[in-house]
Amino acid sequence: MAFTAADVKKLREMTNVGMMDCKKALTETDGDMDKAIDYLREKGLAKAAKKASRIAAEGMAYAAVCEKCGVGAMVEVNCETDFCAKSPAFVQFVKDICTIVMTDGPADVAALTECKYPGTELKLSEVLPEKVMSIGENLQIRRFTRFDKNTSVAYVHMGGTHGVLVNLEVEGCDATEIGKNVAMQIAAMSPKYWDKSNVPQEDIDHELAVQVALMDNDPKMASKPQQVKEKIAAGKMNKFYADNCLLQMEFVRSDLFSGSVEGYIADAAKKLGGTVKFVDAVHYTKGEGIEKKQEDFAAEVAAQMNMGK
């Protein structure tokens with residue numbers, strides 16, 4: 001499998017490892033990105049891979065909860081420029097779409113476009129071309145989420161760069177502040193899993209294998225028996241959970257609580273005289289996974305790669 005300068009750049013962004021080491025890793029793994037990440041980790045060069053989708057398109061992720069019915073919704077709508085994304089007309093359009101999701105509960109984006117647009121007798125599909133003309137940019141309704149059970153709390157970061165919708169089981173208290181703090185944790189840390197019980201066994205086995213391989217490449221650990229290495233690797237799984245699982249992560253608001261997110265939720269609910277249980281959440285990052293042209297940077301990387309041959 002061949003790889004390009006853009007692949008080297010992507011691997012570097014995901015691992016924070018130097019460009020030439022990334023090139024070597026892709027060479028050794030025949031261009032397989034996942035295997036290249038493992039190669040770098042096993043060599044002790046990378047701690048963990050970041051999300052591959054750091055390149056952002058323009059637009060807005062927006063979340064809200066209906067004051068009347070309590071239904072929570074979140075949408076992402078994309079446009080062409082940051083200037084457009086910040087315009088009042090675009091922002092209101094996104095909020096109107098979120099309202100449709102809350103009130104109508106469409107099954108998918110196609111069904112959403114067949115719903116009536118707020119304040120009109122027209123379908124969203126009929127209003128969309130008008131919005132494109134008046135706003136002056138191509139507009140794409142990309143995705144949405146809706147929670148109609150339990151208690152939902154919405155959080156929008158930096159005008160829509162991140163949107164988080166948290167769903168909680170709540171008894172005997174107002175959990176709005178708890179939900180907001182958990183949502184901020186999600187926006188800041190982007191956990192891969194919500195709880196360690198959600199981690200697939202194949203991911204656990206994969207992490208154990210990486211830890212053992214890391215010791216195999218460590219002169220101080222390489223001579224230890226395989227069983228010892230496997231036991232040490234198993235002992236490191238709590239660190240893996242703390243790095244990747246929301247409820248096991250250290251709560252970032254240390255001014256409010258010192259410990260895990262799970263501990264914070266229980267402690268805060270107790271202080272309010274009730275109980276709160278995390279059920280689910282959805283995190284949208286504006287433009288996540290949408291590639292934008294970066295020819296200039298790719299050319300620069302390619303030139304440096306050739307120099308290092």
# chains A, B, ... in the order shown; residues from 1 in each chain; ligands from 1

call {"tool": "select_by_dssp", "arguments": {"residues": "stretch 63-263 of chain A", "states": "strand (DSSP E or B)", "output": "VMD selection string"}}
result
chain A and resid 63 to 65 72 to 79 116 123 140 to 147 151 to 157 162 to 171 193 245 250 260

call {"tool": "residues_around", "arguments": {"residues": "A:Ala268", "least_positions_apart": "5", "cutoff": "9 Å", "atoms": "only C-alpha atoms", "output": "list in words"}}
result
Ala175, Ile178, Leu256, Phe257, Gly263, Gly273, Gly274, Thr275 and Val276 of chain A

call {"tool": "write_last_selection", "arguments": {"atoms": "N, CA, C and O atoms", "output": "PDB file, in the first residue's frame"}}
result
ATOM      1  N   ALA A 175     -29.848  18.858  37.766  1.00  0.00           N
ATOM      2  CA  ALA A 175     -28.510  18.410  37.354  1.00  0.00           C
ATOM      3  C   ALA A 175     -27.944  19.231  36.203  1.00  0.00           C
ATOM      4  O   ALA A 175     -26.986  18.798  35.563  1.00  0.00           O
ATOM      5  N   ILE A 178     -24.243  20.002  36.661  1.00  0.00           N
ATOM      6  CA  ILE A 178     -23.465  18.762  36.539  1.00  0.00           C
ATOM      7  C   ILE A 178     -23.327  18.390  35.070  1.00  0.00           C
ATOM      8  O   ILE A 178     -22.231  18.074  34.592  1.00  0.00           O
ATOM      9  N   LEU A 256     -13.519  22.198  41.660  1.00  0.00           N
ATOM     10  CA  LEU A 256     -14.803  21.692  42.142  1.00  0.00           C
ATOM     11  C   LEU A 256     -14.686  20.322  42.785  1.00  0.00           C
ATOM     12  O   LEU A 256     -15.413  20.013  43.736  1.00  0.00           O
ATOM     13  N   PHE A 257     -13.798  19.491  42.247  1.00  0.00           N
ATOM     14  CA  PHE A 257     -13.681  18.118  42.746  1.00  0.00           C
ATOM     15  C   PHE A 257     -12.345  17.533  42.327  1.00  0.00           C
ATOM     16  O   PHE A 257     -11.889  17.750  41.200  1.00  0.00           O
ATOM     17  N   GLY A 263     -16.663  10.131  39.950  1.00  0.00           N
ATOM     18  CA  GLY A 263     -16.691  10.579  41.336  1.00  0.00           C
ATOM     19  C   GLY A 263     -17.304  11.960  41.474  1.00  0.00           C
ATOM     20  O   GLY A 263     -18.052  12.235  42.427  1.00  0.00           O
ATOM     21  N   GLY A 273     -28.613  16.726  47.099  1.00  0.00           N
ATOM     22  CA  GLY A 273     -29.673  15.944  47.712  1.00  0.00           C
ATOM     23  C   GLY A 273     -30.378  14.983  46.782  1.00  0.00           C
ATOM     24  O   GLY A 273     -31.523  14.578  47.033  1.00  0.00           O
ATOM     25  N   GLY A 274     -29.722  14.599  45.694  1.00  0.00           N
ATOM     26  CA  GLY A 274     -30.343  13.684  44.747  1.00  0.00           C
ATOM     27  C   GLY A 274     -29.358  12.679  44.205  1.00  0.00           C
ATOM     28  O   GLY A 274     -28.257  12.487  44.751  1.00  0.00           O
ATOM     29  N   THR A 275     -29.729  12.035  43.116  1.00  0.00           N
ATOM     30  CA  THR A 275     -28.842  11.081  42.439  1.00  0.00           C
ATOM     31  C   THR A 275     -28.797  11.411  40.954  1.00  0.00           C
ATOM     32  O   THR A 275     -29.805  11.811  40.361  1.00  0.00           O
ATOM     33  N   VAL A 276     -27.629  11.240  40.372  1.00  0.00           N
ATOM     34  CA  VAL A 276     -27.442  11.496  38.946  1.00  0.00           C
ATOM     35  C   VAL A 276     -26.602  10.376  38.359  1.00  0.00           C
ATOM     36  O   VAL A 276     -25.561  10.026  38.914  1.00  0.00           O
TER      37      VAL A 276
END

call {"tool": "residues_around", "arguments": {"residues": "stretch 137-145 of chain A", "least_positions_apart": "5", "cutoff": "6 Å", "atoms": "only C-alpha atoms", "output": "count of residues only"}}
result
8

call {"tool": "residues_around", "arguments": {"residues": "stretch 154-166 of chain A", "least_positions_apart": "5", "cutoff": "7 Å", "atoms": "only C-alpha atoms", "output": "ChimeraX atom specification"}}
result
/A:60-65,74,179-180,183,187,280-286

call {"tool": "atom_distance", "arguments": {"atom1": "atom CA of A:Ala85", "atom2": "atom CA of A:Lys131"}}
result
13.1 Å

call {"tool": "residues_around", "arguments": {"residues": "A:Thr99", "least_positions_apart": "2", "cutoff": "12 Å", "atoms": "only C-alpha atoms", "output": "ChimeraX atom specification"}}
result
/A:62-67,69,71-75,92-97,101-106,112,115-119,124,144-146

call {"tool": "atom_distance", "arguments": {"atom1": "atom CA of A:Cys245", "atom2": "atom CA of A:Lys192"}}
result
6.2 Å

call {"tool": "closest_residue", "arguments": {"among": "A:Lys236, A:Asp195, A:Glu80, A:Gly44", "to": "A:Ala57", "atoms": "only C-alpha atoms"}}
result
A:Glu80

call {"tool": "atom_distance", "arguments": {"atom1": "atom CA of A:Gly172", "atom2": "atom CA of A:Val153"}}
result
16.4 Å

call {"tool": "closest_residue", "arguments": {"among": "A:Ala111, A:Leu26, A:Gly18, A:Gly31", "to": "A:Ala2", "atoms": "only C-alpha atoms"}}
result
A:Gly31

call {"tool": "residues_around", "arguments": {"residues": "A:Met249", "least_positions_apart": "2", "cutoff": "9 Å", "atoms": "only C-alpha atoms", "output": "list of chain:residue names"}}
result
A:Pro191, A:Tyr241, A:Ala242, A:Asp243, A:Asn244, A:Cys245, A:Leu246, A:Leu247, A:Phe251, A:Val252, A:Gly259, A:Ser260, A:Val261, A:Glu262
